[in-house]
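What follows is final14.cif (mmCIF, C-alpha atoms).
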```cif
data_my_file
#
loop_
_atom_site.label_atom_id
_atom_site.label_comp_id
_atom_site.auth_asym_id
_atom_site.auth_seq_id
_atom_site.Cartn_x
_atom_site.Cartn_y
_atom_site.Cartn_z
CA MET N 1 67.75 209.37 168.99
CA PRO N 2 64.34 207.91 168.10
CA HIS N 3 64.96 204.92 165.86
CA GLU N 4 62.40 203.18 163.66
CA ARG N 5 62.86 199.97 161.65
CA PHE N 6 60.53 199.02 158.81
CA GLN N 7 60.44 197.62 155.27
CA PHE N 8 59.60 199.12 151.89
CA THR N 9 59.24 197.59 148.45
CA GLY N 10 62.35 197.78 146.29
CA SER N 11 62.54 198.35 142.56
CA GLU N 12 62.19 194.62 141.80
CA GLY N 13 59.48 193.83 144.34
CA GLN N 14 61.61 192.59 147.25
CA GLN N 15 61.05 193.92 150.76
CA LEU N 16 64.07 195.99 151.75
CA ALA N 17 64.93 196.50 155.42
CA ALA N 18 65.30 200.12 156.47
CA ALA N 19 66.07 202.19 159.55
CA LEU N 20 65.14 205.81 160.18
CA ASP N 21 66.97 207.86 162.81
CA THR N 22 65.10 211.05 163.69
CA PRO N 23 65.79 214.02 166.00
CA GLU N 24 64.05 214.46 169.33
CA GLY N 25 62.61 217.78 168.22
CA GLY N 26 61.96 219.47 164.88
CA ILE N 27 63.44 217.99 161.72
CA ARG N 28 65.59 220.35 159.66
CA ALA N 29 65.88 217.97 156.71
CA TYR N 30 65.72 214.33 155.62
CA ALA N 31 68.79 212.53 154.32
CA LEU N 32 69.16 209.23 152.47
CA PHE N 33 72.28 207.13 153.19
CA ALA N 34 73.73 204.48 150.83
CA HIS N 35 76.17 202.04 152.44
CA CYS N 36 79.38 200.56 151.09
CA PHE N 37 79.73 197.48 148.82
CA THR N 38 78.58 194.26 150.58
CA CYS N 39 78.11 196.21 153.84
CA GLY N 40 74.69 197.02 155.28
CA LYS N 41 72.67 199.77 156.89
CA ASP N 42 74.01 198.84 160.35
CA VAL N 43 77.71 199.02 159.49
CA LEU N 44 79.45 201.25 162.05
CA ALA N 45 80.05 204.16 159.69
CA ALA N 46 76.42 204.30 158.55
CA SER N 47 74.86 203.92 161.99
CA ARG N 48 77.21 206.36 163.72
CA ILE N 49 76.85 209.04 161.06
CA ALA N 50 73.07 208.64 161.04
CA VAL N 51 72.78 208.99 164.82
CA ALA N 52 75.13 211.98 164.89
CA LEU N 53 73.19 213.73 162.12
CA ALA N 54 69.91 213.06 163.92
CA ALA N 55 71.38 214.78 166.97
CA LYS N 56 71.85 217.82 164.72
CA GLY N 57 68.27 217.82 163.46
CA ILE N 58 68.74 215.80 160.26
CA ALA N 59 66.67 212.61 159.98
CA VAL N 60 68.49 209.81 158.13
CA LEU N 61 67.03 206.85 156.24
CA ARG N 62 69.43 203.96 155.60
CA PHE N 63 68.56 200.58 154.17
CA ASP N 64 70.05 197.24 153.16
CA PHE N 65 70.46 196.77 149.43
CA THR N 66 68.97 193.62 147.88
CA GLY N 67 70.29 190.41 149.43
CA LEU N 68 72.22 192.16 152.20
CA GLY N 69 71.45 192.47 155.90
CA SER N 70 67.76 191.86 156.52
CA SER N 71 66.58 192.67 152.99
CA GLU N 72 64.98 190.09 150.76
CA GLY N 73 66.45 188.86 147.49
CA ASP N 74 69.69 187.26 146.36
CA PHE N 75 72.80 189.43 146.34
CA ALA N 76 74.06 187.46 143.34
CA ASN N 77 71.13 188.81 141.29
CA SER N 78 71.81 192.42 142.20
CA THR N 79 73.74 194.86 140.02
CA PHE N 80 74.92 198.44 140.28
CA SER N 81 71.86 199.42 138.24
CA SER N 82 69.51 197.63 140.62
CA ASN N 83 71.20 199.33 143.59
CA VAL N 84 70.67 202.73 141.97
CA ALA N 85 67.03 201.84 141.27
CA ASP N 86 66.54 200.76 144.91
CA LEU N 87 68.08 204.04 146.04
CA VAL N 88 65.57 205.95 143.92
CA ARG N 89 62.75 203.80 145.35
CA ALA N 90 63.99 204.54 148.89
CA ALA N 91 63.84 208.27 148.07
CA ASP N 92 60.28 207.80 146.76
CA HIS N 93 59.27 205.99 149.95
CA LEU N 94 60.81 208.70 152.12
CA ARG N 95 59.02 211.41 150.14
CA GLU N 96 55.68 209.58 150.26
CA THR N 97 55.77 208.79 153.99
CA ARG N 98 57.89 211.44 155.73
CA GLY N 99 59.43 214.25 153.69
CA VAL N 100 61.57 215.06 150.68
CA PRO N 101 65.11 213.62 150.70
CA ALA N 102 67.06 216.88 150.69
CA ILE N 103 70.49 215.28 151.23
CA LEU N 104 71.94 212.18 149.53
CA ILE N 105 74.91 210.57 151.30
CA GLY N 106 76.91 207.66 149.93
CA HIS N 107 79.83 205.76 151.42
CA SER N 108 82.30 203.96 149.11
CA LEU N 109 80.31 202.31 146.28
CA GLY N 110 77.24 203.88 147.88
CA GLY N 111 78.83 207.21 146.97
CA ALA N 112 78.99 206.18 143.33
CA ALA N 113 75.35 205.07 143.59
CA VAL N 114 74.10 208.43 144.91
CA LEU N 115 75.99 210.23 142.11
CA ALA N 116 74.28 207.98 139.56
CA ALA N 117 70.86 208.34 141.21
CA ALA N 118 70.94 212.09 141.96
CA ASP N 119 69.37 213.22 138.69
CA ARG N 120 66.44 210.85 139.35
CA ILE N 121 65.82 212.42 142.77
CA PRO N 122 65.02 216.01 141.73
CA ASP N 123 64.13 217.33 145.19
CA ALA N 124 67.58 216.50 146.61
CA LYS N 125 69.54 219.71 147.13
CA ALA N 126 72.89 218.36 148.29
CA VAL N 127 74.99 215.26 147.59
CA VAL N 128 77.77 213.91 149.81
CA THR N 129 80.28 211.21 148.87
CA ILE N 130 82.52 209.55 151.44
CA ALA N 131 85.53 207.56 150.16
CA ALA N 132 83.73 207.02 146.87
CA PRO N 133 85.25 205.61 143.68
CA SER N 134 85.04 207.75 140.55
CA ASP N 135 84.14 204.64 138.56
CA PRO N 136 81.88 201.89 140.00
CA SER N 137 83.97 199.21 138.26
CA HIS N 138 86.57 199.94 140.93
CA VAL N 139 84.92 197.27 143.10
CA THR N 140 86.14 194.55 140.73
CA ASN N 141 89.61 195.13 142.20
CA PHE N 142 88.39 193.23 145.27
CA PHE N 143 88.12 190.04 143.21
CA ARG N 144 90.29 190.74 140.17
CA ASP N 145 91.79 187.24 140.31
CA LYS N 146 88.31 185.78 139.82
CA ILE N 147 87.10 187.97 136.96
CA GLU N 148 88.09 185.56 134.20
CA ASP N 149 86.45 182.66 136.04
CA ILE N 150 83.25 184.70 136.45
CA ARG N 151 83.15 185.49 132.74
CA GLN N 152 83.75 181.87 131.78
CA GLN N 153 81.55 180.17 134.37
CA GLY N 154 78.84 182.82 134.69
CA LYS N 155 78.85 182.76 138.49
CA VAL N 156 81.65 182.37 141.04
CA GLU N 157 81.81 182.64 144.82
CA VAL N 158 84.38 185.17 146.04
CA SER N 159 85.53 186.20 149.50
CA LEU N 160 84.94 189.86 150.41
CA ALA N 161 85.94 191.12 153.86
CA GLY N 162 86.10 187.50 155.00
CA ARG N 163 82.56 186.65 153.84
CA PRO N 164 81.47 184.61 150.80
CA PHE N 165 79.50 186.36 148.04
CA SER N 166 78.43 185.08 144.64
CA ILE N 167 79.25 187.36 141.71
CA LYS N 168 77.62 186.84 138.31
CA ARG N 169 78.71 187.76 134.81
CA GLU N 170 75.72 190.10 134.66
CA PHE N 171 77.18 192.15 137.51
CA LEU N 172 80.43 192.65 135.58
CA ASP N 173 78.59 193.52 132.36
CA ASP N 174 76.33 195.99 134.14
CA ILE N 175 79.03 197.79 136.07
CA ALA N 176 81.21 198.06 132.95
CA GLU N 177 78.44 200.02 131.23
CA HIS N 178 78.28 202.69 133.93
CA SER N 179 80.33 205.83 133.64
CA LEU N 180 79.84 208.41 136.38
CA THR N 181 81.45 211.21 134.41
CA SER N 182 78.27 212.34 132.69
CA HIS N 183 76.26 212.10 135.94
CA ILE N 184 78.82 214.17 137.83
CA ALA N 185 79.15 216.78 135.09
CA LYS N 186 75.38 217.42 134.99
CA LEU N 187 74.74 217.03 138.71
CA HIS N 188 73.28 220.55 139.21
CA LYS N 189 73.32 220.02 142.97
CA ALA N 190 75.73 221.05 145.70
CA LEU N 191 78.43 218.40 146.08
CA LEU N 192 80.62 217.62 149.09
CA ILE N 193 83.45 215.13 148.54
CA MET N 194 85.05 213.60 151.65
CA HIS N 195 88.05 211.33 151.32
CA SER N 196 91.12 210.27 153.26
CA PRO N 197 94.45 210.89 151.49
CA THR N 198 95.70 207.64 153.03
CA ASP N 199 92.72 205.49 152.00
CA ASP N 200 94.31 202.25 150.79
CA THR N 201 91.01 200.79 149.50
CA VAL N 202 89.82 203.64 147.26
CA SER N 203 92.71 205.99 146.53
CA ILE N 204 92.48 209.77 146.85
CA ASP N 205 92.86 210.01 143.06
CA ASN N 206 89.19 209.06 142.82
CA ALA N 207 88.19 212.11 144.84
CA THR N 208 90.34 214.28 142.62
CA LYS N 209 88.62 212.99 139.47
CA ILE N 210 85.14 213.54 140.95
CA PHE N 211 86.06 217.05 142.09
CA VAL N 212 87.57 218.08 138.75
CA THR N 213 84.60 216.70 136.81
CA ALA N 214 81.94 218.33 139.00
CA ARG N 215 80.75 221.89 138.57
CA HIS N 216 80.27 224.40 141.36
CA PRO N 217 79.05 224.49 144.05
CA LYS N 218 81.48 221.76 145.09
CA SER N 219 83.59 221.27 148.20
CA PHE N 220 86.27 218.87 149.40
CA VAL N 221 87.02 217.88 152.99
CA SER N 222 90.08 215.77 153.77
CA LEU N 223 89.53 212.91 156.21
CA SER N 224 93.20 212.85 157.12
CA GLY N 225 94.17 209.73 159.08
CA ALA N 226 90.82 207.98 158.59
CA ASP N 227 90.57 204.46 157.18
CA HIS N 228 88.20 203.53 154.36
CA LEU N 229 85.42 202.22 156.63
CA LEU N 230 85.69 205.05 159.19
CA THR N 231 86.07 202.54 161.99
CA ASP N 232 87.24 205.23 164.41
CA ARG N 233 84.23 206.73 166.19
CA GLY N 234 85.76 210.20 166.06
CA ASP N 235 86.03 210.07 162.26
CA ALA N 236 82.32 209.29 161.89
CA ALA N 237 81.44 212.15 164.26
CA TYR N 238 83.67 214.52 162.28
CA VAL N 239 81.97 213.49 159.02
CA ALA N 240 78.53 214.16 160.54
CA ASP N 241 79.64 217.56 161.85
CA MET N 242 80.95 218.57 158.42
CA ILE N 243 77.84 217.36 156.58
CA ALA N 244 75.48 219.19 158.93
CA ALA N 245 77.42 222.46 158.73
CA TRP N 246 77.97 222.30 154.96
CA ALA N 247 74.43 221.23 154.03
CA SER N 248 72.78 223.98 156.08
CA ARG N 249 73.71 226.44 153.33
CA TYR N 250 71.61 224.54 150.80
CA LEU N 251 68.62 223.55 152.92
CA ALA N 252 65.32 225.41 153.04
CA PRO N 253 64.69 227.43 156.21
CA ALA N 254 62.98 225.60 159.05
CA ALA N 255 59.21 225.61 159.04
CA PRO N 256 57.74 228.56 160.99
CA GLU N 257 56.50 226.35 163.78
CA GLN N 258 60.02 224.96 164.20
CA ALA N 259 61.89 228.21 163.74
CA ALA N 260 60.31 230.12 166.58
CA ASP N 261 58.41 229.62 169.79
CA SER N 262 54.62 229.71 169.71
CA GLY N 263 54.65 231.87 172.81
CA GLN N 264 52.32 229.44 174.57
CA GLY N 265 54.00 228.33 177.79
CA PRO N 266 57.68 227.63 178.51
CA ARG N 267 59.86 226.09 175.80
CA LEU N 268 60.80 222.50 176.57
CA VAL N 269 64.40 221.34 176.76
CA VAL N 270 64.78 217.60 176.15
CA VAL N 271 67.97 215.76 177.11
CA ARG N 272 68.32 212.14 176.00
CA GLU N 273 71.20 209.66 176.05
CA THR N 274 72.53 208.84 172.60
CA ARG N 275 74.21 205.62 173.86
CA ASP N 276 76.99 206.42 171.40
CA SER N 277 79.41 206.90 174.28
CA ARG N 278 79.24 206.64 178.06
CA PHE N 279 77.96 210.15 178.87
CA GLN N 280 76.95 211.66 175.53
CA ASN N 281 73.47 213.21 175.50
CA ALA N 282 71.48 214.88 172.74
CA VAL N 283 69.98 218.20 173.82
CA THR N 284 66.95 219.55 171.94
CA VAL N 285 65.79 223.11 172.51
CA GLY N 286 62.94 223.84 170.11
CA PRO N 287 64.56 223.65 166.65
CA HIS N 288 68.09 223.65 168.08
CA HIS N 289 70.14 220.48 168.51
CA LEU N 290 73.22 220.23 170.72
CA LEU N 291 75.38 217.58 172.34
CA ALA N 292 76.38 217.35 175.99
CA ASP N 293 79.22 215.19 177.27
CA GLU N 294 81.97 215.01 179.88
CA PRO N 295 85.71 215.45 179.33
CA ALA N 296 87.76 212.35 178.55
CA ALA N 297 89.49 212.70 181.93
CA VAL N 298 86.27 211.71 183.72
CA GLY N 299 85.19 208.98 181.32
CA GLY N 300 83.43 210.98 178.61
CA ALA N 301 84.27 211.47 174.94
CA ASP N 302 84.37 215.29 175.14
CA SER N 303 81.98 215.42 172.15
CA GLY N 304 80.11 218.40 173.57
CA PRO N 305 80.05 220.85 176.48
CA GLY N 306 79.50 219.49 179.98
CA PRO N 307 76.48 220.28 182.19
CA TYR N 308 78.24 223.08 184.05
CA ASP N 309 79.51 224.45 180.73
CA TYR N 310 75.90 224.93 179.68
CA VAL N 311 75.09 226.62 183.00
CA LEU N 312 77.99 229.02 182.46
CA ALA N 313 76.93 229.59 178.85
CA GLY N 314 73.44 230.48 180.02
CA LEU N 315 74.78 232.95 182.58
CA GLY N 316 77.20 234.47 180.08
CA ALA N 317 74.61 234.83 177.32
CA CYS N 318 72.08 236.34 179.70
CA THR N 319 74.69 238.78 181.03
CA SER N 320 75.66 239.95 177.55
CA MET N 321 72.05 240.27 176.36
CA THR N 322 70.97 242.22 179.43
CA MET N 323 73.87 244.64 179.05
CA ARG N 324 73.09 245.04 175.35
CA MET N 325 69.41 245.88 176.02
CA TYR N 326 70.36 248.46 178.65
CA ALA N 327 73.01 250.04 176.41
CA GLU N 328 70.54 250.40 173.53
CA ARG N 329 67.86 251.81 175.79
CA LYS N 330 70.29 254.41 177.18
CA SER N 331 72.07 255.00 173.84
CA LEU N 332 75.44 254.03 175.31
CA PRO N 333 78.38 253.55 172.90
CA LEU N 334 78.82 249.87 173.75
CA ASP N 335 80.35 248.12 170.70
CA ARG N 336 80.77 244.60 172.03
CA VAL N 337 80.52 242.58 175.25
CA THR N 338 82.66 239.51 175.96
CA VAL N 339 81.93 237.42 179.05
CA THR N 340 84.47 234.82 180.18
CA LEU N 341 83.34 232.38 182.88
CA SER N 342 84.65 229.47 184.91
CA HIS N 343 83.26 227.19 187.62
CA SER N 344 85.02 225.89 190.71
CA LYS N 345 84.38 224.56 194.23
CA ILE N 346 85.58 226.59 197.20
CA HIS N 347 85.55 226.08 200.95
CA ALA N 348 82.64 227.95 202.54
CA GLU N 349 84.91 229.29 205.26
CA ASP N 350 86.95 231.11 202.57
CA CYS N 351 83.93 233.16 201.44
CA ALA N 352 83.46 236.15 203.74
CA GLN N 353 80.26 237.24 201.96
CA CYS N 354 78.53 233.84 202.06
CA GLU N 355 75.95 232.81 204.66
CA THR N 356 77.00 229.16 204.52
CA ARG N 357 80.05 228.61 206.72
CA VAL N 358 80.61 224.84 206.48
CA GLY N 359 81.42 222.57 203.56
CA MET N 360 82.01 223.39 199.88
CA LEU N 361 80.35 226.04 197.71
CA ASP N 362 80.04 226.53 193.96
CA GLN N 363 81.78 229.62 192.66
CA PHE N 364 81.25 231.12 189.19
CA ASP N 365 83.97 233.55 188.15
CA ARG N 366 82.75 236.04 185.54
CA VAL N 367 85.04 238.49 183.73
CA ILE N 368 83.30 241.07 181.55
CA SER N 369 85.06 242.95 178.78
CA MET N 370 83.36 246.00 177.24
CA GLU N 371 84.46 247.55 173.96
CA GLY N 372 83.45 251.06 172.98
CA ALA N 373 83.97 254.71 173.89
CA LEU N 374 82.46 254.35 177.36
CA ASP N 375 83.36 256.63 180.24
CA ALA N 376 84.00 255.35 183.77
CA GLU N 377 80.45 256.05 184.96
CA GLN N 378 78.90 254.21 182.03
CA ARG N 379 81.15 251.20 182.58
CA LYS N 380 80.26 251.16 186.27
CA LYS N 381 76.54 251.23 185.50
CA LEU N 382 76.83 248.42 182.93
CA MET N 383 78.65 246.28 185.49
CA GLU N 384 75.78 246.85 187.92
CA ILE N 385 73.30 245.86 185.22
CA ALA N 386 75.21 242.64 184.62
CA ASP N 387 74.26 241.43 188.10
CA LYS N 388 70.60 242.03 187.28
CA CYS N 389 70.36 239.60 184.37
CA PRO N 390 67.54 237.04 184.93
CA VAL N 391 69.82 234.01 184.99
CA HIS N 392 72.10 235.67 187.54
CA ARG N 393 69.07 236.35 189.73
CA THR N 394 67.87 232.76 189.32
CA LEU N 395 71.23 231.31 190.32
CA THR N 396 71.49 233.54 193.39
CA SER N 397 67.91 233.06 194.61
CA GLU N 398 66.04 230.14 196.09
CA ILE N 399 65.33 227.57 193.39
CA ARG N 400 62.70 224.85 193.45
CA ILE N 401 63.18 221.85 191.16
CA VAL N 402 60.14 219.60 190.75
CA THR N 403 61.05 216.08 189.61
CA LYS N 404 58.60 213.35 188.64
CA ALA N 405 58.75 210.11 186.68
CA ALA N 406 57.46 210.15 183.11
CA ASP N 407 54.24 208.27 182.47
#
```
Exercise: express the given structure as structure tokens:
Amino acid sequence: MPHERFQFTGSEGQQLAAALDTPEGGIRAYALFAHCFTCGKDVLAASRIAVALAAKGIAVLRFDFTGLGSSEGDFANSTFSSNVADLVRAADHLRETRGVPAILIGHSLGGAAVLAAADRIPDAKAVVTIAAPSDPSHVTNFFRDKIEDIRQQGKVEVSLAGRPFSIKREFLDDIAEHSLTSHIAKLHKALLIMHSPTDDTVSIDNATKIFVTARHPKSFVSLSGADHLLTDRGDAAYVADMIAAWASRYLAPAAPEQAADSGQGPRLVVVRETRDSRFQNAVTVGPHHLLADEPAAVGGADSGPGPYDYVLAGLGACTSMTMRMYAERKSLPLDRVTVTLSHSKIHAEDCAQCETRVGMLDQFDRVISMEGALDAEQRKKLMEIADKCPVHRTLTSEIRIVTKAAD
């Protein structure tokens, strides 16, 4: 996916490092992603989810909070309030430079931050929390043995995920003042809560409290078997799939120029490596976004159909559409067409109807099922029409493929 890195000015004047992952084709919506406590925009969960959403037409802005990653400032001077303010500033920057942030996504403490910031981002239509605490003070559990020292000394260095961070008394005071209950109760936006029942960092009870407090529309998706940081690549892909499918119900329709062809010339199909796995490719067809991959048995991740699967899908769709057009034109009682296809290699010598007599040939097996009160003659005619679909004719005629290097 196209990937852009830049900086924007945070709520307290520091330059915050950001990354924007965008689709190859039309953009269905913009999303804003808030990372977990002491993490960063490039943590595996954030980067993988962003790339996967971009492959589905959703552009994602993620950034490093103050003092983290490549952002300016001192982490010790940051608070939950300043993180929320930076999140609102990121939404402002996205709106001013690209488009409105329709989806807010927060992971762990970032989930609490998007819940707190949502009412200050009025154009956001949907909010997603991933493994989020119901109370931001939950993060103090990571350094509970140092809390008294922090209160007495004003500032203490603690170890979080094996890295040293300085925590100030102001951070404790600020986070103690925040209650998410009122924010959740008056959210007035669609809410998707995603949480693993076996999360041993932020327990599932937090998801329950958020869900019970929120008003409809609200949804819950269990991330069964996932760890808190979504370190398994498949878990991040699953989260992106769920977000894209769920959010589509709350997003505005695509712009007219994205929703349909202009009719001027052939529609371009763009296939680009995602580099998220060995063979995974993002496929853009106008406003449509798909994934292509190979099965695990041949070194792929099986995250999408394979190249021949798409060829078969094209033949099957064309077959069904051609039969449907003929049936409507002739007023035939055809209720439904189902086309089942498979691809294999056969020895040329085993094909009595083929001109080629040596080597291997591609064979597409196509089984057509027709539902409806059709008589034998009508079924016979529809089967003849199936062989006249444009893709069938293309595959069985001479094909010329012109290949050239891009400028």
Selection dump of the PyMOL selection byres ((chain N and resi 49) around 12), as a PyMOL selection string | chain N and resi 21+31-35+41-48+50-56+58-62+105-107+130+229-244+276
Determine the residue set returned by the PyMOL selection byres ((chain N and resi 23) around 12) for the present structure, and present it as a ChimeraX atom specification.
-> /N:1-4,20-22,24-30,50-60,270-272,274,282-290
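Of the residues under consideration (N:Glu157, N:Asp407, N:Glu177, N:Glu294), N:Glu157 shows the shortest atom-to-atom contact distance to Ala76 of chain N when counting all atoms listed in the file.
When the distance limit is 12 Å and all atoms listed in the file are what count, the residues near Asp205 of chain N, minus those fewer than 2 positions from it on the same chain, are Ala131, Ala132, Pro133, Ser134, Asp135, His195, Ser196, Pro197, Thr198, Asp199, Asp200, Thr201, Val202, Ser203, Ala207, Thr208, Lys209, Ile210, Phe211 and Val212 of chain N.
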Selection from above, C-alpha atoms, as a short mmCIF file (atom, residue, chain, number, x, y, z; two decimals), in the frame of the given file, can you write it?
```cif
data_model
loop_
_atom_site.label_atom_id
_atom_site.label_comp_id
_atom_site.auth_asym_id
_atom_site.auth_seq_id
_atom_site.Cartn_x
_atom_site.Cartn_y
_atom_site.Cartn_z
CA ALA N 131 85.53 207.56 150.16
CA ALA N 132 83.73 207.02 146.87
CA PRO N 133 85.25 205.61 143.68
CA SER N 134 85.04 207.75 140.55
CA ASP N 135 84.14 204.64 138.56
CA HIS N 195 88.05 211.33 151.32
CA SER N 196 91.12 210.27 153.26
CA PRO N 197 94.45 210.89 151.49
CA THR N 198 95.70 207.64 153.03
CA ASP N 199 92.72 205.49 152.00
CA ASP N 200 94.31 202.25 150.79
CA THR N 201 91.01 200.79 149.50
CA VAL N 202 89.82 203.64 147.26
CA SER N 203 92.71 205.99 146.53
CA ALA N 207 88.19 212.11 144.84
CA THR N 208 90.34 214.28 142.62
CA LYS N 209 88.62 212.99 139.47
CA ILE N 210 85.14 213.54 140.95
CA PHE N 211 86.06 217.05 142.09
CA VAL N 212 87.57 218.08 138.75
#
```
For the structure shown, which residues end up in the PyMOL selection byres ((chain N and resi 335) around 10)? Put them as a ChimeraX atom specification, please?
-> /N:324,327,332-334,336-337,370-374
Writer output for current selection, C-alpha atoms, as a PDB file, keeping the file's coordinate frame:
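Once everything was written out, this is selection11.pdb:
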```
ATOM      1  CA  ARG N 324      73.090 245.040 175.350  1.00  0.00           C
ATOM      2  CA  ALA N 327      73.010 250.040 176.410  1.00  0.00           C
ATOM      3  CA  LEU N 332      75.440 254.030 175.310  1.00  0.00           C
ATOM      4  CA  PRO N 333      78.380 253.550 172.900  1.00  0.00           C
ATOM      5  CA  LEU N 334      78.820 249.870 173.750  1.00  0.00           C
ATOM      6  CA  ARG N 336      80.770 244.600 172.030  1.00  0.00           C
ATOM      7  CA  VAL N 337      80.520 242.580 175.250  1.00  0.00           C
ATOM      8  CA  MET N 370      83.360 246.000 177.240  1.00  0.00           C
ATOM      9  CA  GLU N 371      84.460 247.550 173.960  1.00  0.00           C
ATOM     10  CA  GLY N 372      83.450 251.060 172.980  1.00  0.00           C
ATOM     11  CA  ALA N 373      83.970 254.710 173.890  1.00  0.00           C
ATOM     12  CA  LEU N 374      82.460 254.350 177.360  1.00  0.00           C
TER      13      LEU N 374
END
```
Counting all atoms listed in the file, figure out which residue out of N:Thr403, N:Gln378, N:Asn281, N:Asn141 gets nearest to Lys330 of chain N.
-> N:Gln378
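Comparing N:Asp174, N:Ala124, N:Ser331, N:Leu87 by their smallest distance to Leu251 of chain N, the closest is N:Ala124 (using all atoms listed in the file).
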Of the listed residues N:Ile147, N:Leu180, N:Ala386, N:Ile401, that which approaches Ile167 of chain N most closely, counting only C-alpha atoms = N:Ile147
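Nearest residue to Asp365 of chain N among N:Leu315, N:Lys381, N:Gly67, N:Met323 is N:Leu315, counting all atoms listed in the file.
Once segment 318-322 of chain N and its same-chain neighbours fewer than 4 positions away are set aside, Leu312, Ala313, Gly314, Tyr326, Ala327, Arg336, Val337, Thr338, Val339, Arg366, Ile368, Ser369, Met370, Leu382, Met383, Ile385, Ala386, Asp387, Lys388, Cys389, Pro390, Val391 and His392 of chain N remain within 10 Å of it when counting all atoms listed in the file.
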Excluding segment 305-308 of chain N and any residue of its chain fewer than 4 positions from it, enumerate the residues within 8 Å of it, using all atoms listed in the file, and give them as a PyMOL selection string.
-> chain N and resi 291-295+312+343
Do you know which residues are at most 12 Å from Arg95 of chain N counting all atoms listed in the file, after dropping those on the same chain fewer than 2 positions away, and could you put them as a PyMOL selection string?
-> chain N and resi 29-32+61+88-93+97-102+121-124
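Closest approach to Lys189 of chain N among N:Tyr250, N:Phe65, N:Phe75, N:Phe80: N:Tyr250, based on all atoms listed in the file.
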Write out N, CA and C atoms for segment 192-207 of chain N, as a tab-separated table (two decimals), in the frame of the given file.
```
chain	number	residue	atom	x	y	z
N	192	LEU	N	79.55	217.67	148.09
N	192	LEU	CA	80.62	217.62	149.09
N	192	LEU	C	81.33	216.28	148.94
N	193	ILE	N	82.64	216.33	148.70
N	193	ILE	CA	83.45	215.13	148.54
N	193	ILE	C	84.34	214.99	149.77
N	194	MET	N	84.24	213.85	150.46
N	194	MET	CA	85.05	213.60	151.65
N	194	MET	C	85.87	212.35	151.40
N	195	HIS	N	87.16	212.45	151.64
N	195	HIS	CA	88.05	211.33	151.32
N	195	HIS	C	89.33	211.44	152.15
N	196	SER	N	89.85	210.30	152.54
N	196	SER	CA	91.12	210.27	153.26
N	196	SER	C	92.28	210.15	152.27
N	197	PRO	N	93.30	210.99	152.40
N	197	PRO	CA	94.45	210.89	151.49
N	197	PRO	C	95.24	209.60	151.68
N	198	THR	N	94.99	208.89	152.78
N	198	THR	CA	95.70	207.64	153.03
N	198	THR	C	94.79	206.43	152.88
N	199	ASP	N	93.64	206.60	152.24
N	199	ASP	CA	92.72	205.49	152.00
N	199	ASP	C	93.39	204.47	151.09
N	200	ASP	N	93.63	203.26	151.60
N	200	ASP	CA	94.31	202.25	150.79
N	200	ASP	C	93.33	201.30	150.11
N	201	THR	N	92.02	201.59	150.20
N	201	THR	CA	91.01	200.79	149.50
N	201	THR	C	90.53	201.50	148.25
N	202	VAL	N	90.18	202.79	148.39
N	202	VAL	CA	89.82	203.64	147.26
N	202	VAL	C	90.74	204.85	147.33
N	203	SER	N	91.67	204.97	146.43
N	203	SER	CA	92.71	205.99	146.53
N	203	SER	C	92.13	207.40	146.39
N	204	ILE	N	92.88	208.37	146.89
N	204	ILE	CA	92.48	209.77	146.85
N	204	ILE	C	92.35	210.28	145.42
N	205	ASP	N	92.98	209.60	144.46
N	205	ASP	CA	92.86	210.01	143.06
N	205	ASP	C	91.41	210.00	142.60
N	206	ASN	N	90.61	209.11	143.18
N	206	ASN	CA	89.19	209.06	142.82
N	206	ASN	C	88.48	210.35	143.22
N	207	ALA	N	88.79	210.85	144.39
N	207	ALA	CA	88.19	212.11	144.84
N	207	ALA	C	88.60	213.25	143.93
```
